[in-house]
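Data from work_11.cif: mmCIF, C-alpha atoms and all ligand atoms
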```cif
data_structure
loop_
_atom_site.group_PDB
_atom_site.id
_atom_site.type_symbol
_atom_site.label_atom_id
_atom_site.label_comp_id
_atom_site.auth_asym_id
_atom_site.auth_seq_id
_atom_site.Cartn_x
_atom_site.Cartn_y
_atom_site.Cartn_z
ATOM 1 C CA MET H 885 -15.848 -12.705 -11.214
ATOM 2 C CA ASN H 886 -19.062 -11.375 -9.617
ATOM 3 C CA LYS H 887 -18.966 -10.911 -5.894
ATOM 4 C CA THR H 888 -21.315 -13.065 -3.849
ATOM 5 C CA LYS H 889 -23.047 -12.246 -0.584
ATOM 6 C CA ASN H 890 -20.601 -14.664 1.058
ATOM 7 C CA ASP H 891 -17.613 -12.644 -0.161
ATOM 8 C CA ASN H 892 -19.015 -9.566 1.545
ATOM 9 C CA VAL H 893 -19.772 -11.494 4.748
ATOM 10 C CA ASN H 894 -16.229 -12.889 4.732
ATOM 11 C CA LYS H 895 -14.732 -9.437 4.259
ATOM 12 C CA ALA H 896 -16.787 -8.057 7.144
ATOM 13 C CA TYR H 897 -15.612 -10.978 9.276
ATOM 14 C CA TYR H 898 -11.946 -10.413 8.384
ATOM 15 C CA LYS H 899 -12.379 -6.758 9.239
ATOM 16 C CA ILE H 900 -13.511 -7.698 12.744
ATOM 17 C CA LEU H 901 -10.524 -10.040 13.149
ATOM 18 C CA MET H 902 -7.959 -7.568 11.930
ATOM 19 C CA LYS H 903 -6.137 -4.997 13.973
ATOM 20 C CA VAL H 904 -4.229 -2.079 12.457
ATOM 21 C CA LEU H 905 -1.252 -0.681 14.333
ATOM 22 C CA ARG H 906 1.528 1.775 13.728
ATOM 23 C CA LEU H 907 4.847 -0.010 13.195
ATOM 24 C CA ASN H 908 8.539 0.708 13.302
ATOM 25 C CA ALA H 909 10.024 0.606 9.814
ATOM 26 C CA SER H 910 12.012 -2.530 10.594
ATOM 27 C CA ASP H 911 8.780 -4.422 11.405
ATOM 28 C CA THR H 912 7.775 -4.060 7.757
ATOM 29 C CA TYR H 913 10.991 -5.518 6.345
ATOM 30 C CA PRO H 914 10.144 -9.247 6.383
ATOM 31 C CA ILE H 915 6.897 -8.718 4.426
ATOM 32 C CA ARG H 916 8.472 -6.171 2.075
ATOM 33 C CA GLN H 917 11.218 -8.691 1.361
ATOM 34 C CA GLN H 918 8.970 -11.729 0.939
ATOM 35 C CA VAL H 919 6.245 -10.100 -1.138
ATOM 36 C CA LEU H 920 7.931 -7.269 -3.019
ATOM 37 C CA ILE H 921 11.548 -8.244 -3.639
ATOM 38 C CA PRO H 922 11.990 -11.953 -2.867
ATOM 39 C CA ASP H 923 14.984 -12.263 -5.217
ATOM 40 C CA HIS H 924 16.806 -9.141 -4.080
ATOM 41 C CA ASP H 925 19.464 -8.509 -1.504
ATOM 42 C CA PRO H 926 17.607 -8.149 1.859
ATOM 43 C CA LYS H 927 19.463 -4.857 2.419
ATOM 44 C CA LYS H 928 17.331 -3.351 -0.352
ATOM 45 C CA VAL H 929 14.161 -3.490 1.754
ATOM 46 C CA LYS H 930 15.154 -0.329 3.559
ATOM 47 C CA PHE H 931 13.967 2.994 2.116
ATOM 48 C CA GLU H 932 15.718 6.264 2.777
ATOM 49 C CA SER H 933 13.792 8.149 5.534
ATOM 50 C CA ASP H 934 12.301 4.881 6.828
ATOM 51 C CA ASP H 935 13.477 5.686 10.343
ATOM 52 C CA ASP H 936 12.790 9.402 10.229
ATOM 53 C CA ASP H 937 9.564 9.800 12.195
ATOM 54 C CA ASP H 938 9.258 13.408 11.069
ATOM 55 C CA VAL H 939 8.675 12.395 7.469
ATOM 56 C CA SER H 940 7.413 8.824 7.518
ATOM 57 C CA PHE H 941 4.991 6.475 9.201
ATOM 58 C CA HIS H 942 4.312 2.776 8.809
ATOM 59 C CA LEU H 943 1.102 0.807 9.301
ATOM 60 C CA GLY H 944 0.525 -2.906 9.675
ATOM 61 C CA ALA H 945 -2.541 -5.150 9.734
ATOM 62 C CA PHE H 946 -2.538 -8.082 12.127
ATOM 63 C CA GLU H 947 -4.634 -11.219 12.141
ATOM 64 C CA ASP H 948 -4.404 -13.391 15.250
ATOM 65 C CA SER H 949 -1.409 -11.312 16.346
ATOM 66 C CA LYS H 950 0.413 -12.110 13.096
ATOM 67 C CA LEU H 951 1.567 -9.185 10.978
ATOM 68 C CA VAL H 952 0.200 -9.896 7.488
ATOM 69 C CA SER H 953 0.018 -6.598 5.596
ATOM 70 C CA VAL H 954 2.190 -3.474 5.610
ATOM 71 C CA ALA H 955 2.343 -0.024 4.037
ATOM 72 C CA SER H 956 4.652 2.959 4.465
ATOM 73 C CA PHE H 957 4.004 6.645 3.900
ATOM 74 C CA PHE H 958 6.607 9.354 3.241
ATOM 75 C CA TYR H 959 6.260 13.119 3.182
ATOM 76 C CA GLU H 960 7.644 13.521 -0.329
ATOM 77 C CA ARG H 961 6.793 15.969 -3.068
ATOM 78 C CA ASN H 962 6.538 14.872 -6.684
ATOM 79 C CA THR H 963 6.806 18.026 -8.814
ATOM 80 C CA LEU H 964 4.496 16.555 -11.457
ATOM 81 C CA PHE H 965 1.663 17.376 -9.042
ATOM 82 C CA LYS H 966 0.786 20.931 -8.084
ATOM 83 C CA ASP H 967 -0.066 20.144 -4.456
ATOM 84 C CA GLN H 968 2.477 21.722 -2.136
ATOM 85 C CA HIS H 969 2.266 19.024 0.527
ATOM 86 C CA GLN H 970 2.187 15.404 -0.546
ATOM 87 C CA TYR H 971 2.835 11.916 0.724
ATOM 88 C CA GLN H 972 4.260 8.991 -1.213
ATOM 89 C CA LEU H 973 2.972 5.463 -0.583
ATOM 90 C CA ARG H 974 5.655 2.773 -0.695
ATOM 91 C CA GLY H 975 6.132 -0.828 0.342
ATOM 92 C CA MET H 976 2.473 -1.815 0.125
ATOM 93 C CA ALA H 977 2.272 -5.589 0.512
ATOM 94 C CA THR H 978 0.017 -8.314 1.899
ATOM 95 C CA LEU H 979 1.176 -11.885 2.454
ATOM 96 C CA PRO H 980 -0.225 -13.983 -0.425
ATOM 97 C CA GLU H 981 -2.472 -16.161 1.739
ATOM 98 C CA PHE H 982 -4.090 -13.055 3.251
ATOM 99 C CA GLN H 983 -4.687 -11.120 0.032
ATOM 100 C CA GLY H 984 -8.217 -10.194 -1.033
ATOM 101 C CA ARG H 985 -9.505 -9.792 2.536
ATOM 102 C CA GLY H 986 -9.545 -5.995 2.509
ATOM 103 C CA LEU H 987 -6.377 -5.609 4.600
ATOM 104 C CA SER H 988 -4.455 -3.183 2.382
ATOM 105 C CA SER H 989 -7.596 -1.124 1.849
ATOM 106 C CA GLU H 990 -7.986 -0.876 5.598
ATOM 107 C CA LEU H 991 -4.389 0.308 5.994
ATOM 108 C CA LEU H 992 -5.077 3.065 3.487
ATOM 109 C CA ASN H 993 -8.318 4.014 5.239
ATOM 110 C CA MET H 994 -6.319 4.453 8.442
ATOM 111 C CA ALA H 995 -3.607 6.450 6.648
ATOM 112 C CA PHE H 996 -5.829 9.033 4.932
ATOM 113 C CA PRO H 997 -6.773 10.955 8.105
ATOM 114 C CA ILE H 998 -3.142 10.956 9.294
ATOM 115 C CA ILE H 999 -2.044 12.396 5.950
ATOM 116 C CA LYS H 1000 -4.795 14.998 6.114
ATOM 117 C CA GLN H 1001 -3.831 15.932 9.675
ATOM 118 C CA ASN H 1002 -0.370 16.675 8.321
ATOM 119 C CA PHE H 1003 -1.932 19.202 5.915
ATOM 120 C CA CYS H 1004 -1.249 17.058 2.857
ATOM 121 C CA THR H 1005 -3.769 16.869 0.059
ATOM 122 C CA LEU H 1006 -2.307 14.206 -2.185
ATOM 123 C CA LEU H 1007 -1.034 10.640 -1.896
ATOM 124 C CA TRP H 1008 0.941 9.306 -4.855
ATOM 125 C CA CYS H 1009 2.761 6.110 -5.682
ATOM 126 C CA ASN H 1010 4.747 4.361 -8.365
ATOM 127 C CA ALA H 1011 2.339 1.475 -8.913
ATOM 128 C CA ARG H 1012 3.377 -1.849 -10.349
ATOM 129 C CA THR H 1013 1.289 -2.355 -13.474
ATOM 130 C CA THR H 1014 0.136 -5.655 -11.938
ATOM 131 C CA ALA H 1015 -1.385 -3.696 -9.038
ATOM 132 C CA VAL H 1016 -3.071 -0.878 -10.993
ATOM 133 C CA GLY H 1017 -6.471 -2.593 -10.628
ATOM 134 C CA TYR H 1018 -6.029 -2.636 -6.873
ATOM 135 C CA TYR H 1019 -5.129 1.044 -6.692
ATOM 136 C CA GLU H 1020 -8.089 1.988 -8.888
ATOM 137 C CA LYS H 1021 -10.405 0.078 -6.567
ATOM 138 C CA VAL H 1022 -9.173 2.109 -3.609
ATOM 139 C CA GLY H 1023 -9.658 5.427 -5.402
ATOM 140 C CA PHE H 1024 -6.332 6.129 -7.092
ATOM 141 C CA HIS H 1025 -6.079 7.425 -10.670
ATOM 142 C CA LYS H 1026 -3.324 7.054 -13.231
ATOM 143 C CA PHE H 1027 -1.446 10.332 -13.703
ATOM 144 C CA ASP H 1028 -0.978 9.408 -17.376
ATOM 145 C CA GLU H 1029 -0.497 6.336 -19.555
ATOM 146 C CA ASN H 1030 3.291 6.427 -19.326
ATOM 147 C CA VAL H 1031 4.724 3.050 -18.250
ATOM 148 C CA PHE H 1032 8.257 3.147 -16.842
ATOM 149 C CA ASP H 1033 10.644 0.485 -15.696
ATOM 150 C CA ILE H 1034 12.095 0.356 -12.209
ATOM 151 C CA PRO H 1035 15.198 -1.770 -12.719
ATOM 152 C CA GLY H 1036 14.979 -5.210 -11.176
ATOM 153 C CA ILE H 1037 11.308 -4.725 -10.228
ATOM 154 C CA GLY H 1038 9.415 -4.085 -13.430
ATOM 155 C CA ALA H 1039 6.828 -1.906 -15.126
ATOM 156 C CA HIS H 1040 5.191 0.904 -13.151
ATOM 157 C CA VAL H 1041 2.786 3.777 -13.650
ATOM 158 C CA LEU H 1042 2.445 6.954 -11.604
ATOM 159 C CA MET H 1043 -0.835 7.030 -9.654
ATOM 160 C CA TYR H 1044 -2.383 9.449 -7.168
ATOM 161 C CA LYS H 1045 -5.323 10.016 -4.898
ATOM 162 C CA ASN H 1046 -6.576 13.365 -3.688
ATOM 163 C CA ILE H 1047 -7.016 13.276 0.073
HETATM 164 C C1 LIG W 1 -1.738 -5.203 -4.191
HETATM 165 C C2 LIG W 1 -1.915 -5.751 -2.765
HETATM 166 C C3 LIG W 1 -1.068 -4.896 -1.822
HETATM 167 C C4 LIG W 1 -3.400 -5.654 -2.375
HETATM 168 O O1 LIG W 1 -3.510 -6.108 -1.040
HETATM 169 P P1 LIG W 1 -4.830 -6.836 -0.492
HETATM 170 O O2 LIG W 1 -4.729 -6.848 0.997
HETATM 171 O O3 LIG W 1 -5.010 -8.115 -1.194
HETATM 172 O O4 LIG W 1 -5.927 -5.787 -0.987
HETATM 173 P P2 LIG W 1 -7.493 -5.716 -0.640
HETATM 174 O O5 LIG W 1 -7.959 -7.052 -0.176
HETATM 175 O O6 LIG W 1 -7.711 -4.545 0.257
HETATM 176 O O7 LIG W 1 -8.085 -5.415 -2.095
HETATM 177 C C5 LIG W 1 -8.981 -4.373 -2.392
HETATM 178 C C6 LIG W 1 -9.646 -4.683 -3.710
HETATM 179 O O8 LIG W 1 -8.648 -4.712 -4.745
HETATM 180 C C7 LIG W 1 -8.689 -5.972 -5.427
HETATM 181 N N1 LIG W 1 -7.315 -6.310 -5.800
HETATM 182 C C8 LIG W 1 -6.313 -6.702 -4.983
HETATM 183 N N2 LIG W 1 -5.178 -6.874 -5.687
HETATM 184 C C9 LIG W 1 -5.492 -6.607 -6.994
HETATM 185 C C10 LIG W 1 -4.739 -6.592 -8.212
HETATM 186 N N3 LIG W 1 -3.417 -6.880 -8.231
HETATM 187 N N4 LIG W 1 -5.388 -6.241 -9.355
HETATM 188 C C11 LIG W 1 -6.701 -5.919 -9.353
HETATM 189 N N5 LIG W 1 -7.468 -5.896 -8.207
HETATM 190 C C12 LIG W 1 -6.865 -6.235 -7.058
HETATM 191 C C13 LIG W 1 -9.275 -6.920 -4.406
HETATM 192 O O9 LIG W 1 -9.836 -8.048 -5.023
HETATM 193 C C14 LIG W 1 -10.314 -6.048 -3.743
HETATM 194 O O10 LIG W 1 -11.446 -5.928 -4.578
HETATM 195 P P3 LIG W 1 -12.950 -5.906 -3.976
HETATM 196 O O11 LIG W 1 -13.007 -4.712 -3.046
HETATM 197 O O12 LIG W 1 -13.824 -5.794 -5.172
HETATM 198 O O13 LIG W 1 -13.090 -7.200 -3.249
HETATM 199 C C15 LIG W 1 -1.517 -7.262 -2.675
HETATM 200 O O14 LIG W 1 -2.201 -7.976 -3.658
HETATM 201 C C16 LIG W 1 -0.021 -7.508 -2.828
HETATM 202 O O15 LIG W 1 0.706 -7.503 -1.835
HETATM 203 N N6 LIG W 1 0.419 -7.729 -4.073
HETATM 204 C C17 LIG W 1 1.832 -8.022 -4.344
HETATM 205 C C18 LIG W 1 2.710 -6.815 -4.053
HETATM 206 C C19 LIG W 1 2.302 -5.585 -4.831
HETATM 207 O O16 LIG W 1 2.095 -5.635 -6.034
HETATM 208 N N7 LIG W 1 2.234 -4.444 -4.101
HETATM 209 C C20 LIG W 1 1.975 -3.172 -4.730
HETATM 210 C C21 LIG W 1 3.280 -2.596 -5.157
HETATM 211 S S1 LIG W 1 3.072 -1.090 -6.060
#
```
Can I see the file as structure tokens?
Ligand SMILES: CC(C)(COP(=O)(O)OP(=O)(O)OC[C@H]1O[C@@H](n2cnc3c(N)ncnc32)[C@H](O)[C@@H]1OP(=O)(O)O)[C@@H](O)C(=O)NCCC(=O)NCCS
Amino acid sequence: MNKTKNDNVNKAYYKILMKVLRLNASDTYPIRQQVLIPDHDPKKVKFESDDDDDVSFHLGAFEDSKLVSVASFFYERNTLFKDQHQYQLRGMATLPEFQGRGLSSELLNMAFPIIKQNFCTLLWCNARTTAVGYYEKVGFHKFDENVFDIPGIGAHVLMYKNI
């Protein structure tokens, strides 16, 4: 659907309302659970290295003091890419009623300089095929056309963005 002037005005308005903060990993768990793995054991929301501040950081977008969007970033090398220092994006999720307001994009915009400060030149992710359009809009590219299954979650493709 074509975007209207109103859509852009709304987005600008939401941007003013939103606040992005650094989170503890555990703050992200309720949204990860609800949006990403609603049918899974809640224990599965935790990623290895979640609590290791040396290799991970977590961002959240708030509206009216309510946490509505989260994303986590891990210093993690994927050998398919030549970059020596890389981050992996995981657990990217916005509550359904807050999607399409630019919140996830804003989290990424806040993350890029942090990643760069840590001398990393690449951000990669295993993207759900249903979210590929989103990642392309925020500047990611497919590594290749290979679609792989992550058991219990579904079809994914490897995507990356040079930072
Ligand atoms: C994917 C997701 C994180 C995007 O969050 P969001 O806060 O709605 O994203 P934004 O509002 O910043 O969207 C940025 C742009 O991508 C578009 N977009 C969002 N989700 C999309 C999707 N699944 N497919 C195609 N485009 C999408 C938006 O419409 C917007 O486009 P615009 O700039 O032309 O208006 C959110 O839809 C979500 O939580 N989905 C379910 C969980 C999921 O799939 N997470 C990714 C796991 S790999």
Nearest candidate to Phe1024 (chain H) (options H:Gly1038, H:Lys1000, H:Leu973, H:Ala945; using all atoms listed in the file): H:Leu973
Interatomic distance, atom C13 of ligand LIG 1 (chain W) to CA of Leu992 (chain H) (Å, one decimal): 13.4 Å
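If you look at CA of Asp938 (chain H) and CA of Lys903 (chain H), they are 24.2 Å away from each other.
Residues matched by the PyMOL selection byres (((not hetatm)) within 6 of (chain W and resi 1)) in this file: Val919, Leu920, Met976, Ala977, Thr978, Gln983, Gly984, Arg985, Gly986, Leu987, Ser988, Ser989, Ala1011, Arg1012, Thr1014, Ala1015, Gly1017, Tyr1018 and Lys1021 of chain H.
The nearest approach to Arg916 (chain H) among the residues H:Asn1046, H:Ser956, H:Asn894, H:Gln972, with only C-alpha atoms taken into account, belongs to H:Ser956.
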Residue among H:Lys1045, H:Leu1006, H:Asp937, H:Ile900 lying closest to Lys966 (chain H), counting all atoms listed in the file: H:Leu1006
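Interatomic distance, CA of His1040 (chain H) to CA of His1025 (chain H): 13.3 Å.
Using only C-alpha atoms, the nearest neighbour of Pro914 (chain H) within the list H:Met994, H:Val954, H:Leu943, H:Asp967 is H:Val954.
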Val1031 (chain H) surroundings by all atoms listed in the file, 9 Å radius, close-in-sequence under 4 positions cut, as a ChimeraX atom specification: /H:1013,1039-1042
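Near Asn1002 (chain H), within 12 Å and counting all atoms listed in the file, sit Asp938, Val939, Ser940, Phe941, Phe957, Phe958, Tyr959, Gln968, His969, Gln970, Tyr971, Ala995, Phe996 and Ile1047 of chain H; same-chain residues fewer than 6 positions away were not included.
Across H:Asp891, H:Asp925, H:Asp935, H:Glu1029, the tightest approach to Asp911 (chain H) is made by H:Asp935 when counting only C-alpha atoms.
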Proximity to Leu964 (chain H) - best of H:Met902, H:Phe1027, H:Tyr897, H:Asp1033, only C-alpha atoms: H:Phe1027
Centre and size of axis-aligned box enclosing region 1003-1013 of chain H plus 4 Å each side, as AutoDock Vina command-line options:
```
--center_x 0.5 --center_y 8.4 --center_z -3.8 --size_x 16.5 --size_y 29.6 --size_z 27.4
```
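When you apply the PyMOL selection byres (((chain H and resi 1008) around 6) and not hetatm) to this structure, what comes back is H:Gln972, H:Leu1007, H:Cys1009, H:Met1043, H:Tyr1044.
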